[in-house]
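Below is one structure, written out as C-alpha cells; the observations come after it.
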Amino acid sequence: MSATRTRPRVVIDQRIAERRAEVRQQRRRRRLRRTLVVLGLAALVAGFVAIERSALVGLEEVEVHGTQRLDPAEVETAADLELGTSTLRLGLDDAADRVTALPLVQQAQARRLDPLTVAITVEERQPAVAVTADGVRLAVDREGVVLFEGAPDGLTAIAASGPPPEVGDTVDDHPALANAHEAWRSLSGPLRAQVDRYVAEGPDELRLELTSGIDVRFGRADRVDEKVRALGAVLADIGDAPVRTVDVRAPATPVVVGADEQP
C-alpha cells in the first residue's frame with residue numbers, strides 16, 4: 001500500500017528535474033548565442049578599424065569636374081581634403097560647402113569614386129551684367145554675386161557711383177547697385193533689349209540710357225510693371241519725335257522732355 005502511494009511523487013519529481021535541466025540547457029544555449037554575437041560584432045569592428053586605418057582606403061587623388069573659369073587647384077584647396085586620410089571618414093558634405101563658398105561656384109558636390117579617389121563636381125556662376133564703378137569693371141551674376149574683375153564684353157552694362165564692390169560681395173551690400181540690378185531683373189524682354197546702360201546714381205535714382213538716345217528717369221525698382229507700361233505708351237506715342245528725357249518715376253503721370261527743351 002505504501003509503495004503504491006509514493007510512486008506518483010517519484011514521477012513528478014523526475015519531470016521537475018528534467019524540466020529544470022532543460023531550462024538550464026536553454027540558458028546555456030542563449031548565453032552561447034549572445035557570446036557568439038558579441039564576438040562577431042567585435043570582429044567586425046576590429047576589421048573595420050583595421051581597414052579604415054590601412055592604406056587600402058587612404059585618399060590618393062581628388063578629381064575636379066565642371067570648371068570653366070575656376071582653376072581646379074583652387075577648388076582642391078577650398079575642399080581641404082588631405083591626401084592619405086581615410087575616405088571612409090572624409091567629411092564630403094563639409095568639403096562641398098567649402099567649395100560652394102567660392103564666389104564663382106553656384107553649387108558643388110563631392111563623392112567617392114572608389115576607395116582611393118574623390119570627385120568634386122562644380123557648377124559655376126555665369127556673369128550676366130558688367131558693373132563699372134570708379135574705373136573698375138566687375139562681372140556680376142543674375143543673383144547679384146560679384147564674380148571677378150574684368151567682365152567680358154557683351155554683357156548688360158551698369159554704371160555705379162562710389163567705390164566698387166569686392167569680389168564675393170553681393171549687390172545687396174551696395175544700395176544703388178542693388179536697385180539697378182533689381183530693375184534689370186524685373187524689366188520685360190522687349191524693353192530690356194532697348195536699354196544700352198543702367199546708371200545707378202543712388203538708391204532712389206536710376207536712369208536707363210536707351211539705344212535710341214532717350215534718357216529714362218526710372219527711380220526706384222518698384223511698381224516696375226506700371227513704369228514699363230507707361231514708358232511703352234510714351235515711346236509708342238512719340239514715334240520718331242526727338243525726345244531727350246522720359247520720366248516715369250510717377251508712372252501715372254509720365255513727363256516727356258523734348259530734345260530742344262531744357263530738362
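FYI, nothing fancy with the C-alpha cells labels: chains A, B, ... in order, residues from 1 per chain, ligands from 1 as they appear.
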
Show which residues sit within 10 Å of A:Asp173, as an mmCIF file with C-alpha atoms, in the first residue's frame. Count only C-alpha atoms, and ignore same-chain residues fewer than 6 positions away.
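The new file result_2.cif reads:
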```
data_model
loop_
_atom_site.group_PDB
_atom_site.id
_atom_site.type_symbol
_atom_site.label_atom_id
_atom_site.label_comp_id
_atom_site.auth_asym_id
_atom_site.auth_seq_id
_atom_site.Cartn_x
_atom_site.Cartn_y
_atom_site.Cartn_z
ATOM 1 C CA GLY A 144 23.806 89.636 -57.666
ATOM 2 C CA PRO A 165 32.181 96.230 -54.515
ATOM 3 C CA GLU A 166 34.641 93.489 -53.649
#
```

Task: Close residues, A:Val234 itself excluded, 9 Å, only C-alpha atoms, min 5 positions apart in chain, as a list in words - done: Arg229, Gly239, Val246, Pro254 and Val256 of chain A

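Coordinates place atom CA of A:Thr156 at a distance of 7.5 Å from atom CA of A:Asp196.
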
- [ ] Could you give me, as a PyMOL selection string, the residues within 9 Å of A:Arg137, counting only C-alpha atoms and dropping anything in the same chain fewer than 5 positions from it?
- [x] chain A and resi 130-132+148-151+164

Open item on the list: If DSSP is run on the backbone, what residues of stretch 45-161 of chain A are strand (DSSP E or B)? A reply as a ChimeraX atom specification would be ideal.
Closed with: /A:58,61-65,86,105-114,117-124,127-133,136-141,145-149,156-160

TODO: Quick one: everything within 10 Å of A:Pro163, counting only C-alpha atoms, minus sequence neighbours fewer than 6 positions away in the same chain. Send it as a ChimeraX atom specification.
DONE: /A:132-136,174

Open item on the list: With only C-alpha atoms as the counted atoms, please give the residues lying no more than 9 Å from A:Asp93, apart from itself and same-chain residues fewer than 5 positions off, as number ranges by chain.
Closed with: A: 98, 109-111

I need the residues from that last selection saved to file as a PDB file, in the first residue's frame (with C-alpha atoms), if you can.
```
ATOM      1  CA  ARG A  98      33.661  74.948 -48.555  1.00  0.00           C
ATOM      2  CA  GLN A 109      29.057  68.051 -54.952  1.00  0.00           C
ATOM      3  CA  ALA A 110      31.738  65.758 -53.540  1.00  0.00           C
ATOM      4  CA  ARG A 111      31.528  61.967 -53.813  1.00  0.00           C
TER       5      ARG A 111
END
```

Task: alpha helix (DSSP H) per DSSP on the backbone: members of stretch 137-244 of chain A, as a PyMOL selection string - done: chain A and resi 175-186+189-194+224-238

Open item on the list: Give me the residues near A:Arg125 as a list in words, where near means some atom within 10 Å (using only C-alpha atoms) and where sequence neighbours in that chain fewer than 5 positions away do not count.
Closed with: Gln68, Arg69, Pro103, Leu104, Val105, Gln106, Gln107, Val140, Asp141, Arg142, Glu143, Val145, Val146 and Leu147 of chain A

Output for the residues just chosen: C-alpha atoms as a short mmCIF file (atom, residue, chain, number, x, y, z; two decimals), in the first residue's frame:
```cif
data_model
loop_
_atom_site.label_atom_id
_atom_site.label_comp_id
_atom_site.auth_asym_id
_atom_site.auth_seq_id
_atom_site.Cartn_x
_atom_site.Cartn_y
_atom_site.Cartn_z
CA GLN A 68 35.47 76.77 -66.73
CA ARG A 69 36.94 79.94 -65.25
CA PRO A 103 32.42 83.37 -55.37
CA LEU A 104 32.36 81.64 -58.76
CA VAL A 105 30.64 78.48 -57.54
CA GLN A 106 26.87 78.12 -57.79
CA GLN A 107 26.86 74.67 -56.22
CA VAL A 140 28.01 90.07 -61.61
CA ASP A 141 25.66 87.12 -61.97
CA ARG A 142 21.84 87.09 -62.02
CA GLU A 143 21.66 86.55 -58.25
CA VAL A 145 27.07 87.95 -56.67
CA VAL A 146 30.23 89.79 -57.71
CA LEU A 147 32.26 87.12 -59.51
#
```
